[in-house]
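Text of upload-v2.pdb, listed as PDB, C-alpha atoms:
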```pdb
ATOM      1  CA  MET A 376      21.045   6.954  41.659
ATOM      2  CA  SER A 377      20.511   8.785  44.897
ATOM      3  CA  ARG A 378      23.843   7.630  46.309
ATOM      4  CA  ILE A 379      25.882   8.687  43.295
ATOM      5  CA  LEU A 380      23.839  11.840  42.587
ATOM      6  CA  PRO A 381      22.257  12.861  45.886
ATOM      7  CA  HIS A 382      21.718  16.398  44.690
ATOM      8  CA  PRO A 383      21.497  16.545  40.855
ATOM      9  CA  VAL A 384      20.796  20.282  40.713
ATOM     10  CA  LEU A 385      23.863  21.009  42.865
ATOM     11  CA  THR A 386      25.916  18.786  40.538
ATOM     12  CA  LEU A 387      24.795  20.840  37.544
ATOM     13  CA  VAL A 388      25.446  24.150  39.317
ATOM     14  CA  ILE A 389      28.959  23.154  40.439
ATOM     15  CA  THR A 390      29.820  21.894  36.955
ATOM     16  CA  ALA A 391      28.552  25.126  35.382
ATOM     17  CA  VAL A 392      30.472  27.277  37.877
ATOM     18  CA  TRP A 393      33.644  25.272  37.202
ATOM     19  CA  ILE A 394      33.313  25.742  33.427
ATOM     20  CA  LEU A 395      32.752  29.485  33.954
ATOM     21  CA  LEU A 396      35.775  29.678  36.266
ATOM     22  CA  VAL A 397      38.027  27.984  33.711
ATOM     23  CA  ASN A 398      36.444  30.286  31.100
ATOM     24  CA  SER A 399      36.643  27.640  28.370
ATOM     25  CA  PHE A 400      34.137  25.107  27.104
ATOM     26  CA  SER A 401      36.553  22.268  26.327
ATOM     27  CA  VAL A 402      36.052  18.529  26.908
ATOM     28  CA  GLY A 403      38.669  18.557  29.660
ATOM     29  CA  ALA A 404      37.011  21.413  31.547
ATOM     30  CA  VAL A 405      33.565  19.792  31.306
ATOM     31  CA  LEU A 406      34.874  16.392  32.470
ATOM     32  CA  LEU A 407      36.804  17.829  35.416
ATOM     33  CA  GLY A 408      33.757  19.969  36.275
ATOM     34  CA  LEU A 409      31.555  16.865  36.237
ATOM     35  CA  VAL A 410      33.965  14.986  38.521
ATOM     36  CA  ILE A 411      33.914  17.855  41.026
ATOM     37  CA  GLY A 412      30.159  18.228  40.587
ATOM     38  CA  ILE A 413      29.638  14.558  41.469
ATOM     39  CA  LEU A 414      32.186  14.342  44.307
ATOM     40  CA  VAL A 415      31.206  17.496  46.222
ATOM     41  CA  PRO A 416      27.476  16.611  46.637
ATOM     42  CA  MET A 417      28.447  13.026  47.593
ATOM     43  CA  PHE A 418      30.607  14.202  50.468
ATOM     44  CA  THR A 419      28.333  17.042  51.571
ATOM     45  CA  ALA A 420      25.039  15.087  51.289
ATOM     46  CA  PRO A 421      24.771  14.618  55.095
ATOM     47  CA  TYR A 422      24.633  18.398  55.488
ATOM     48  CA  TRP A 423      21.696  18.760  53.071
ATOM     49  CA  PRO A 424      18.708  17.396  54.973
ATOM     50  CA  GLY A 425      16.019  18.551  52.538
ATOM     51  CA  ARG A 426      15.842  18.706  48.775
ATOM     52  CA  PRO A 427      14.313  21.829  47.296
ATOM     53  CA  ARG A 428      11.725  20.802  44.747
ATOM     54  CA  VAL A 429      11.555  23.036  41.727
ATOM     55  CA  ARG A 430       8.235  22.565  39.985
ATOM     56  CA  HIS A 431       8.496  24.898  37.026
ATOM     57  CA  PRO A 432      12.103  25.556  35.954
ATOM     58  CA  PHE A 433      11.014  27.843  33.120
ATOM     59  CA  LYS A 434       9.159  30.166  35.455
ATOM     60  CA  ILE A 435      12.556  30.890  37.071
ATOM     61  CA  LEU A 436      13.573  32.676  33.871
ATOM     62  CA  ALA A 437      10.420  34.817  33.945
ATOM     63  CA  TYR A 438      11.078  35.544  37.631
ATOM     64  CA  LEU A 439      14.691  36.570  36.883
ATOM     65  CA  GLY A 440      13.474  38.900  34.138
ATOM     66  CA  ILE A 441      10.977  40.606  36.449
ATOM     67  CA  VAL A 442      13.550  40.987  39.233
ATOM     68  CA  LEU A 443      16.158  42.451  36.852
ATOM     69  CA  TRP A 444      13.614  44.951  35.505
ATOM     70  CA  ASP A 445      12.577  45.941  39.047
ATOM     71  CA  ILE A 446      16.233  46.408  40.024
ATOM     72  CA  VAL A 447      16.727  48.895  37.181
ATOM     73  CA  VAL A 448      13.514  50.840  37.850
ATOM     74  CA  SER A 449      13.875  51.092  41.608
ATOM     75  CA  ASN A 450      17.621  51.855  41.453
ATOM     76  CA  VAL A 451      16.664  55.073  39.678
ATOM     77  CA  GLN A 452      14.027  55.836  42.321
ATOM     78  CA  VAL A 453      16.466  55.282  45.194
ATOM     79  CA  ALA A 454      19.200  57.307  43.445
ATOM     80  CA  TRP A 455      16.675  60.152  43.269
ATOM     81  CA  LEU A 456      15.848  59.817  46.977
ATOM     82  CA  VAL A 457      19.523  59.713  47.999
ATOM     83  CA  LEU A 458      20.554  62.711  45.897
ATOM     84  CA  PHE A 459      17.624  65.099  46.298
ATOM     85  CA  ARG A 460      16.055  64.347  49.653
ATOM     86  CA  LYS A 461      17.331  65.105  53.113
ATOM     87  CA  GLY A 462      18.039  61.884  54.972
ATOM     88  CA  ASP A 463      15.799  62.805  57.887
ATOM     89  CA  SER A 464      12.795  63.519  55.683
ATOM     90  CA  LEU A 465      12.692  59.973  54.336
ATOM     91  CA  ARG A 466       9.754  58.106  55.804
ATOM     92  CA  SER A 467      11.681  54.907  56.559
ATOM     93  CA  ARG A 468      10.066  52.170  58.587
ATOM     94  CA  PHE A 469       9.934  48.455  59.182
ATOM     95  CA  VAL A 470       7.115  46.383  57.748
ATOM     96  CA  THR A 471       6.126  42.796  58.483
ATOM     97  CA  ILE A 472       5.477  40.457  55.587
ATOM     98  CA  PRO A 473       3.405  37.429  56.596
ATOM     99  CA  LEU A 474       4.794  34.487  54.639
ATOM    100  CA  GLU A 475       2.788  31.846  52.835
ATOM    101  CA  LEU A 476       5.989  30.243  51.574
ATOM    102  CA  ARG A 477       7.158  27.353  53.738
ATOM    103  CA  SER A 478      10.216  25.896  52.022
ATOM    104  CA  PRO A 479      13.451  27.388  53.433
ATOM    105  CA  GLU A 480      14.964  27.702  49.949
ATOM    106  CA  ALA A 481      11.996  29.714  48.671
ATOM    107  CA  ILE A 482      12.078  32.031  51.699
ATOM    108  CA  THR A 483      15.827  32.537  51.171
ATOM    109  CA  VAL A 484      15.241  33.508  47.548
ATOM    110  CA  LEU A 485      12.447  35.892  48.566
ATOM    111  CA  ALA A 486      14.592  37.548  51.266
ATOM    112  CA  GLY A 487      17.491  37.895  48.819
ATOM    113  CA  THR A 488      15.204  39.367  46.174
ATOM    114  CA  ILE A 489      13.846  41.920  48.640
ATOM    115  CA  THR A 490      17.351  43.012  49.618
ATOM    116  CA  MET A 491      18.619  43.260  46.040
ATOM    117  CA  THR A 492      15.662  45.310  44.822
ATOM    118  CA  PRO A 493      16.355  48.847  45.985
ATOM    119  CA  GLY A 494      14.304  50.558  48.648
ATOM    120  CA  THR A 495      13.848  47.426  50.741
ATOM    121  CA  VAL A 496      16.204  45.327  52.872
ATOM    122  CA  SER A 497      15.238  42.077  54.607
ATOM    123  CA  ALA A 498      16.252  42.442  58.224
ATOM    124  CA  ASP A 499      14.976  39.448  60.164
ATOM    125  CA  LEU A 500      12.830  36.332  60.099
ATOM    126  CA  SER A 501      10.387  35.439  62.850
ATOM    127  CA  ALA A 502      11.481  32.531  65.044
ATOM    128  CA  CYS A 503       8.755  30.327  63.540
ATOM    129  CA  GLY A 504       9.697  31.268  59.980
ATOM    130  CA  ARG A 505       6.265  32.632  59.088
ATOM    131  CA  ALA A 506       6.960  36.358  58.896
ATOM    132  CA  LEU A 507       9.721  38.422  57.342
ATOM    133  CA  LEU A 508      10.892  41.775  58.720
ATOM    134  CA  VAL A 509      11.660  44.251  55.943
ATOM    135  CA  HIS A 510      13.058  47.769  56.195
ATOM    136  CA  CYS A 511      11.714  50.250  53.619
ATOM    137  CA  LEU A 512      13.738  53.346  52.778
ATOM    138  CA  GLU A 513      10.731  55.449  51.804
ATOM    139  CA  THR A 514       7.079  54.478  52.074
ATOM    140  CA  ASP A 515       3.878  56.226  53.043
ATOM    141  CA  ASP A 516       1.801  53.129  52.364
ATOM    142  CA  PRO A 517       3.167  50.116  54.307
ATOM    143  CA  GLU A 518       0.199  47.869  53.415
ATOM    144  CA  GLY A 519       0.667  48.669  49.744
ATOM    145  CA  THR A 520       4.373  47.795  49.893
ATOM    146  CA  VAL A 521       3.633  44.477  51.579
ATOM    147  CA  ALA A 522       0.872  43.673  49.068
ATOM    148  CA  GLN A 523       3.195  44.508  46.172
ATOM    149  CA  ILE A 524       5.999  42.243  47.453
ATOM    150  CA  LYS A 525       3.538  39.422  48.097
ATOM    151  CA  ASP A 526       1.901  39.724  44.701
ATOM    152  CA  ARG A 527       4.999  40.342  42.631
ATOM    153  CA  TYR A 528       7.551  37.998  44.177
ATOM    154  CA  GLU A 529       5.988  35.612  46.680
ATOM    155  CA  ARG A 530       3.142  34.497  44.388
ATOM    156  CA  ARG A 531       5.617  33.625  41.637
ATOM    157  CA  LEU A 532       7.929  31.799  44.057
ATOM    158  CA  MET A 533       4.921  29.795  45.267
ATOM    159  CA  GLU A 534       4.379  28.664  41.688
ATOM    160  CA  ILE A 535       8.049  27.729  41.287
ATOM    161  CA  PHE A 536       8.740  26.003  44.593
ATOM    162  CA  GLU A 537       5.480  24.759  46.143
TER     163      GLU A 537
ATOM    164  CA  MET B 364      43.241  47.202  20.325
ATOM    165  CA  THR B 365      40.289  49.504  20.784
ATOM    166  CA  ASN B 366      40.622  50.425  17.112
ATOM    167  CA  ASP B 367      39.148  47.038  16.301
ATOM    168  CA  MET B 368      35.907  48.015  17.969
ATOM    169  CA  PRO B 369      33.216  49.612  15.863
ATOM    170  CA  PHE B 370      32.255  53.083  17.008
ATOM    171  CA  TRP B 371      28.732  52.143  18.116
ATOM    172  CA  LEU B 372      30.117  49.391  20.367
ATOM    173  CA  GLU B 373      32.499  51.881  21.957
ATOM    174  CA  LEU B 374      29.514  54.136  22.552
ATOM    175  CA  ILE B 375      27.553  51.355  24.274
ATOM    176  CA  VAL B 376      30.524  50.329  26.445
ATOM    177  CA  SER B 377      31.228  53.941  27.463
ATOM    178  CA  ALA B 378      27.566  54.573  28.267
ATOM    179  CA  LEU B 379      27.400  51.437  30.430
ATOM    180  CA  LEU B 380      30.589  52.449  32.277
ATOM    181  CA  ILE B 381      29.178  55.905  33.000
ATOM    182  CA  VAL B 382      25.831  54.492  34.186
ATOM    183  CA  GLY B 383      27.643  51.995  36.424
ATOM    184  CA  ALA B 384      29.962  54.624  37.870
ATOM    185  CA  PHE B 385      26.975  56.908  38.521
ATOM    186  CA  PHE B 386      25.074  54.325  40.547
ATOM    187  CA  LEU B 387      28.205  53.289  42.442
ATOM    188  CA  ILE B 388      28.874  56.869  43.511
ATOM    189  CA  VAL B 389      25.197  57.307  44.466
ATOM    190  CA  GLY B 390      25.466  54.167  46.612
ATOM    191  CA  SER B 391      28.534  55.588  48.352
ATOM    192  CA  ILE B 392      26.867  58.989  48.832
ATOM    193  CA  GLY B 393      23.895  57.191  50.368
ATOM    194  CA  LEU B 394      26.204  55.323  52.733
ATOM    195  CA  ALA B 395      27.796  58.575  53.888
ATOM    196  CA  LYS B 396      24.732  60.830  53.892
ATOM    197  CA  LEU B 397      21.824  58.842  55.297
ATOM    198  CA  PRO B 398      21.315  59.445  59.007
ATOM    199  CA  ASP B 399      20.961  56.024  60.614
ATOM    200  CA  MET B 400      22.247  52.493  60.330
ATOM    201  CA  MET B 401      19.209  50.850  58.723
ATOM    202  CA  ARG B 402      18.871  53.590  56.087
ATOM    203  CA  ARG B 403      22.600  53.482  55.370
ATOM    204  CA  LEU B 404      22.297  49.798  54.614
ATOM    205  CA  HIS B 405      20.259  50.715  51.520
ATOM    206  CA  GLY B 406      23.180  52.501  49.833
ATOM    207  CA  PRO B 407      25.747  49.726  49.303
ATOM    208  CA  THR B 408      23.214  46.936  48.664
ATOM    209  CA  LYS B 409      21.880  49.001  45.788
ATOM    210  CA  ALA B 410      25.236  49.941  44.274
ATOM    211  CA  THR B 411      26.138  46.280  43.839
ATOM    212  CA  THR B 412      23.086  45.571  41.705
ATOM    213  CA  LEU B 413      22.863  48.157  38.939
ATOM    214  CA  GLY B 414      26.276  49.830  39.368
ATOM    215  CA  ILE B 415      28.424  46.700  39.293
ATOM    216  CA  GLY B 416      25.963  45.083  36.865
ATOM    217  CA  ALA B 417      26.389  47.785  34.221
ATOM    218  CA  ILE B 418      30.193  47.736  34.545
ATOM    219  CA  LEU B 419      30.263  43.940  34.221
ATOM    220  CA  VAL B 420      28.101  44.045  31.076
ATOM    221  CA  ALA B 421      30.460  46.686  29.649
ATOM    222  CA  SER B 422      33.421  44.433  30.462
ATOM    223  CA  MET B 423      31.758  41.463  28.730
ATOM    224  CA  ILE B 424      30.990  43.437  25.567
ATOM    225  CA  HIS B 425      34.508  44.902  25.498
ATOM    226  CA  ALA B 426      36.151  41.494  25.858
ATOM    227  CA  GLY B 427      33.856  40.032  23.222
ATOM    228  CA  ALA B 428      34.615  42.793  20.726
ATOM    229  CA  THR B 429      38.390  43.029  21.194
ATOM    230  CA  ARG B 430      39.380  39.426  21.845
ATOM    231  CA  GLY B 431      36.714  37.745  19.751
ATOM    232  CA  TYR B 432      35.303  35.494  22.465
ATOM    233  CA  LEU B 433      32.857  36.086  25.271
ATOM    234  CA  SER B 434      34.204  36.180  28.807
ATOM    235  CA  TYR B 435      32.067  34.391  31.378
ATOM    236  CA  HIS B 436      33.874  35.495  34.534
ATOM    237  CA  GLU B 437      31.541  38.475  34.767
ATOM    238  CA  LEU B 438      28.543  36.139  35.109
ATOM    239  CA  LEU B 439      30.311  34.445  38.015
ATOM    240  CA  ILE B 440      31.063  37.775  39.700
ATOM    241  CA  THR B 441      27.360  38.629  39.398
ATOM    242  CA  LEU B 442      26.373  35.248  40.851
ATOM    243  CA  PHE B 443      28.727  35.580  43.835
ATOM    244  CA  LEU B 444      27.655  39.187  44.491
ATOM    245  CA  PHE B 445      23.996  38.188  44.457
ATOM    246  CA  LEU B 446      24.806  35.448  46.964
ATOM    247  CA  ALA B 447      27.024  37.537  49.226
ATOM    248  CA  ALA B 448      25.322  40.955  49.301
ATOM    249  CA  PRO B 449      21.911  39.959  50.781
ATOM    250  CA  ILE B 450      23.534  37.708  53.397
ATOM    251  CA  THR B 451      25.933  40.470  54.460
ATOM    252  CA  ALA B 452      23.088  42.991  54.685
ATOM    253  CA  TYR B 453      21.005  40.484  56.651
ATOM    254  CA  MET B 454      23.790  39.822  59.169
ATOM    255  CA  ILE B 455      24.458  43.555  59.632
ATOM    256  CA  ALA B 456      20.733  44.214  60.146
ATOM    257  CA  LYS B 457      20.471  41.387  62.703
ATOM    258  CA  ALA B 458      23.520  42.612  64.602
ATOM    259  CA  HIS B 459      22.073  46.131  64.599
ATOM    260  CA  ILE B 460      18.645  44.988  65.859
ATOM    261  CA  LEU B 461      20.339  43.014  68.622
ATOM    262  CA  CYS B 462      22.546  45.892  69.772
ATOM    263  CA  ASP B 463      20.313  48.933  69.369
ATOM    264  CA  ARG B 464      17.372  49.385  71.751
ATOM    265  CA  ALA B 465      15.867  52.250  69.726
ATOM    266  CA  THR B 466      15.678  50.077  66.621
ATOM    267  CA  GLU B 467      14.198  47.265  68.635
ATOM    268  CA  ALA B 468      11.346  49.571  69.595
ATOM    269  CA  GLU B 469      10.678  50.441  65.936
ATOM    270  CA  LEU B 470      10.128  46.846  64.861
ATOM    271  CA  THR B 471       6.644  45.930  63.734
ATOM    272  CA  PRO B 472       5.061  42.883  65.410
ATOM    273  CA  THR B 473       5.562  39.530  63.707
ATOM    274  CA  GLY B 474       1.842  38.816  63.457
ATOM    275  CA  THR B 475       2.529  35.297  64.742
ATOM    276  CA  ASP B 476       3.042  33.852  68.227
ATOM    277  CA  ALA B 477       6.804  33.730  67.831
ATOM    278  CA  PRO B 478       9.097  36.759  68.246
ATOM    279  CA  TRP B 479      11.699  37.890  65.691
ATOM    280  CA  SER B 480      14.425  35.282  65.612
ATOM    281  CA  THR B 481      17.206  37.732  66.516
ATOM    282  CA  LEU B 482      15.418  38.642  69.737
ATOM    283  CA  SER B 483      14.116  35.212  70.656
ATOM    284  CA  SER B 484      15.959  33.353  73.369
ATOM    285  CA  THR B 485      17.783  30.124  72.676
ATOM    286  CA  GLU B 486      16.142  26.723  73.057
ATOM    287  CA  GLU B 487      17.781  25.957  76.396
ATOM    288  CA  GLU B 488      16.666  29.252  77.835
ATOM    289  CA  GLU B 489      13.119  28.578  76.679
ATOM    290  CA  LYS B 490      13.216  25.116  78.233
ATOM    291  CA  ALA B 491      14.529  26.548  81.488
ATOM    292  CA  ALA B 492      11.802  29.190  81.486
ATOM    293  CA  ALA B 493       9.143  26.548  80.811
ATOM    294  CA  GLU B 494      10.441  24.410  83.695
ATOM    295  CA  GLU B 495      10.415  27.395  85.988
ATOM    296  CA  THR B 496       6.779  28.184  85.238
ATOM    297  CA  ALA B 497       5.898  24.493  85.618
ATOM    298  CA  GLU B 498       7.557  24.438  89.047
ATOM    299  CA  ARG B 499       5.673  27.516  90.151
ATOM    300  CA  ALA B 500       2.348  25.971  89.098
TER     301      ALA B 500
END
```

For this file, write the structure as structure tokens.
Amino acid sequence: MSRILPHPVLTLVITAVWILLVNSFSVGAVLLGLVIGILVPMFTAPYWPGRPRVRHPFKILAYLGIVLWDIVVSNVQVAWLVLFRKGDSLRSRFVTIPLELRSPEAITVLAGTITMTPGTVSADLSACGRALLVHCLETDDPEGTVAQIKDRYERRLMEIFE
Amino acid sequence: MTNDMPFWLELIVSALLIVGAFFLIVGSIGLAKLPDMMRRLHGPTKATTLGIGAILVASMIHAGATRGYLSYHELLITLFLFLAAPITAYMIAKAHILCDRATEAELTPTGTDAPWSTLSSTEEEEKAAAEETAERA
């Protein structure tokens, strides 16, 4: 099992991407996708030391919904800041987010989420992997921003990954 | 071909195109207008989310209405953008922190014993430094 399918999730993802690339849901496309999806993880298995464990797959959907909603809301806020505020008057600053997440995959998802939601960009990770450096475009309440990111995204990722 | 589309679908597609174009131009304005590197980074990373997103949804609806089947390439474009954009922004931010002393001074402390990874020395350097202190003691 583990030798033929060392990374079942990756197999599924590659197959799905292949079907989307071909843009048709025919037997041939699915079979070829499956072949690629089985061969690629077999040959790349040595480069994947750890396996991300996903505890609650359905919570990913809820997480995606929340992130999409936040992207829409905060895009409008940032558009407002860009159009009607002078660049120098924006109170931009770095904030440090202490991480409770430990799995590299979960931290990657959190950093990506922070960058894609407007107003914040992940800039660096501490050398020990326990703190994330985030740049905020406009904030007068750094602690509040950190608390919001921790409560809204990190708590949910904890439930999904750890 | 567009005659096949009902009027309300045309309305939705047009509205999505306008919304997407608006956020793309705002992202570009932000890139040009904001005063420093880290703030400028906010412009393009934002445009890719809602701006491109709205245009891709419009493209999907249009293809579905005129050709009769849904096109999935747009989902792939979204997936690849969401993979590529944060990594690009992260690499630019790291390069900027490494090169710019003024930015380095603005960084908040990590709150842990370790420094930010961009500014931490490599393993060999740390080993050499540890040996040096051991020799002195």

For this session: Give the residues of chain A that lie within 7 Å of chain B; count only C-alpha atoms, and format the answer as an MDAnalysis selection string.
Result: chainID A and resid 395:396 398 446:447 450 454 457 462:463 469:471 487 490:491 493:494 496:503 506 512

Deliver the residues from the most recent selection as a file, using C-alpha atoms, as a PDB file, keeping the file's coordinate frame.
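Output file again33.pdb is given in full below:
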```
ATOM      1  CA  LEU A 395      32.752  29.485  33.954  1.00  0.00           C
ATOM      2  CA  LEU A 396      35.775  29.678  36.266  1.00  0.00           C
ATOM      3  CA  ASN A 398      36.444  30.286  31.100  1.00  0.00           C
ATOM      4  CA  ILE A 446      16.233  46.408  40.024  1.00  0.00           C
ATOM      5  CA  VAL A 447      16.727  48.895  37.181  1.00  0.00           C
ATOM      6  CA  ASN A 450      17.621  51.855  41.453  1.00  0.00           C
ATOM      7  CA  ALA A 454      19.200  57.307  43.445  1.00  0.00           C
ATOM      8  CA  VAL A 457      19.523  59.713  47.999  1.00  0.00           C
ATOM      9  CA  GLY A 462      18.039  61.884  54.972  1.00  0.00           C
ATOM     10  CA  ASP A 463      15.799  62.805  57.887  1.00  0.00           C
ATOM     11  CA  PHE A 469       9.934  48.455  59.182  1.00  0.00           C
ATOM     12  CA  VAL A 470       7.115  46.383  57.748  1.00  0.00           C
ATOM     13  CA  THR A 471       6.126  42.796  58.483  1.00  0.00           C
ATOM     14  CA  GLY A 487      17.491  37.895  48.819  1.00  0.00           C
ATOM     15  CA  THR A 490      17.351  43.012  49.618  1.00  0.00           C
ATOM     16  CA  MET A 491      18.619  43.260  46.040  1.00  0.00           C
ATOM     17  CA  PRO A 493      16.355  48.847  45.985  1.00  0.00           C
ATOM     18  CA  GLY A 494      14.304  50.558  48.648  1.00  0.00           C
ATOM     19  CA  VAL A 496      16.204  45.327  52.872  1.00  0.00           C
ATOM     20  CA  SER A 497      15.238  42.077  54.607  1.00  0.00           C
ATOM     21  CA  ALA A 498      16.252  42.442  58.224  1.00  0.00           C
ATOM     22  CA  ASP A 499      14.976  39.448  60.164  1.00  0.00           C
ATOM     23  CA  LEU A 500      12.830  36.332  60.099  1.00  0.00           C
ATOM     24  CA  SER A 501      10.387  35.439  62.850  1.00  0.00           C
ATOM     25  CA  ALA A 502      11.481  32.531  65.044  1.00  0.00           C
ATOM     26  CA  CYS A 503       8.755  30.327  63.540  1.00  0.00           C
ATOM     27  CA  ALA A 506       6.960  36.358  58.896  1.00  0.00           C
ATOM     28  CA  LEU A 512      13.738  53.346  52.778  1.00  0.00           C
TER      29      LEU A 512
END
```

Exercise. What's the 12 Å shell around range 423-430 of chain B, counting all atoms listed in the file, without same-chain residues fewer than 6 positions away, as a list in words?
Worked result: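 Residues near the query, excluding close chain neighbours: Met364, Thr365, Asn366, Asp367, Met368, Pro369, Phe370, Trp371, Leu372, Glu373, Leu374, Ile375, Val376, Ser377, Ala378, Leu379, Leu380, Gly416, Ala417, His436, Glu437, Leu438, Leu439, Ile440 and Thr441 of chain B.
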
With C-alpha atoms retained, could you export that selection as a JSON list (two decimals), in the frame of the given file?
```json
[["chain", "number", "residue", "atom", "x", "y", "z"],
["B", 364, "MET", "CA", 43.24, 47.20, 20.32],
["B", 365, "THR", "CA", 40.29, 49.50, 20.78],
["B", 366, "ASN", "CA", 40.62, 50.42, 17.11],
["B", 367, "ASP", "CA", 39.15, 47.04, 16.30],
["B", 368, "MET", "CA", 35.91, 48.02, 17.97],
["B", 369, "PRO", "CA", 33.22, 49.61, 15.86],
["B", 370, "PHE", "CA", 32.26, 53.08, 17.01],
["B", 371, "TRP", "CA", 28.73, 52.14, 18.12],
["B", 372, "LEU", "CA", 30.12, 49.39, 20.37],
["B", 373, "GLU", "CA", 32.50, 51.88, 21.96],
["B", 374, "LEU", "CA", 29.51, 54.14, 22.55],
["B", 375, "ILE", "CA", 27.55, 51.36, 24.27],
["B", 376, "VAL", "CA", 30.52, 50.33, 26.44],
["B", 377, "SER", "CA", 31.23, 53.94, 27.46],
["B", 378, "ALA", "CA", 27.57, 54.57, 28.27],
["B", 379, "LEU", "CA", 27.40, 51.44, 30.43],
["B", 380, "LEU", "CA", 30.59, 52.45, 32.28],
["B", 416, "GLY", "CA", 25.96, 45.08, 36.86],
["B", 417, "ALA", "CA", 26.39, 47.78, 34.22],
["B", 436, "HIS", "CA", 33.87, 35.49, 34.53],
["B", 437, "GLU", "CA", 31.54, 38.48, 34.77],
["B", 438, "LEU", "CA", 28.54, 36.14, 35.11],
["B", 439, "LEU", "CA", 30.31, 34.44, 38.02],
["B", 440, "ILE", "CA", 31.06, 37.78, 39.70],
["B", 441, "THR", "CA", 27.36, 38.63, 39.40]]
```

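Atom pair CA of Thr386 in chain A / CA of Ile415 in chain B has a distance of 28.1 Å (rounded to one decimal).
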
For this session: Would you mind reading off the distance between CA of His431 in chain A and CA of Leu380 in chain A, one decimal, in Å?
Result: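 Going from CA of His431 in chain A over to CA of Leu380 in chain A, I get 20.9 Å.
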
For this session: Step by step: start from the point (13.9, 38.0, 35.9) in the file's coordinates, keep every protein, DNA or RNA residue that has an atom no farther than 12 Å from it, count only C-alpha atoms, and write the set as a count of residues only.
Result: 21

For this session: Give as an MDAnalysis selection string the residues that the PyMOL selection byres ((chain A and resi 415) around 12) matches when applied to the coordinates above.
Result: chainID A and resid 379:383 385:390 408:414 416:423

For the residues in the current selection, export C-alpha atoms as a compact mmCIF listing (two decimals), keeping the file's coordinate frame.
```txt
# COMPACT_ATOMS: atom_id res chain seq x y z
CA ILE A 379 25.88 8.69 43.30
CA LEU A 380 23.84 11.84 42.59
CA PRO A 381 22.26 12.86 45.89
CA HIS A 382 21.72 16.40 44.69
CA PRO A 383 21.50 16.55 40.85
CA LEU A 385 23.86 21.01 42.86
CA THR A 386 25.92 18.79 40.54
CA LEU A 387 24.80 20.84 37.54
CA VAL A 388 25.45 24.15 39.32
CA ILE A 389 28.96 23.15 40.44
CA THR A 390 29.82 21.89 36.96
CA GLY A 408 33.76 19.97 36.28
CA LEU A 409 31.56 16.86 36.24
CA VAL A 410 33.97 14.99 38.52
CA ILE A 411 33.91 17.86 41.03
CA GLY A 412 30.16 18.23 40.59
CA ILE A 413 29.64 14.56 41.47
CA LEU A 414 32.19 14.34 44.31
CA PRO A 416 27.48 16.61 46.64
CA MET A 417 28.45 13.03 47.59
CA PHE A 418 30.61 14.20 50.47
CA THR A 419 28.33 17.04 51.57
CA ALA A 420 25.04 15.09 51.29
CA PRO A 421 24.77 14.62 55.10
CA TYR A 422 24.63 18.40 55.49
CA TRP A 423 21.70 18.76 53.07
```

Exercise. By how many Å are CA of Ile472 in chain A and CA of Leu508 in chain A apart?
Worked result: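 Distance between the two atoms: 6.4 Å.
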
For this session: Starting from the shown file, work through the PyMOL selection byres ((chain A and resi 517) around 12) and note down what comes out as a PyMOL selection string.
Result: (chain A and resi 466-472+495+509-516+518-524) or (chain B and resi 471)

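Taking all atoms listed in the file into account, Val384 in chain A lies nearest to A:Val429 out of the set A:Gly504, A:Leu456, A:Val429, A:Ala486.
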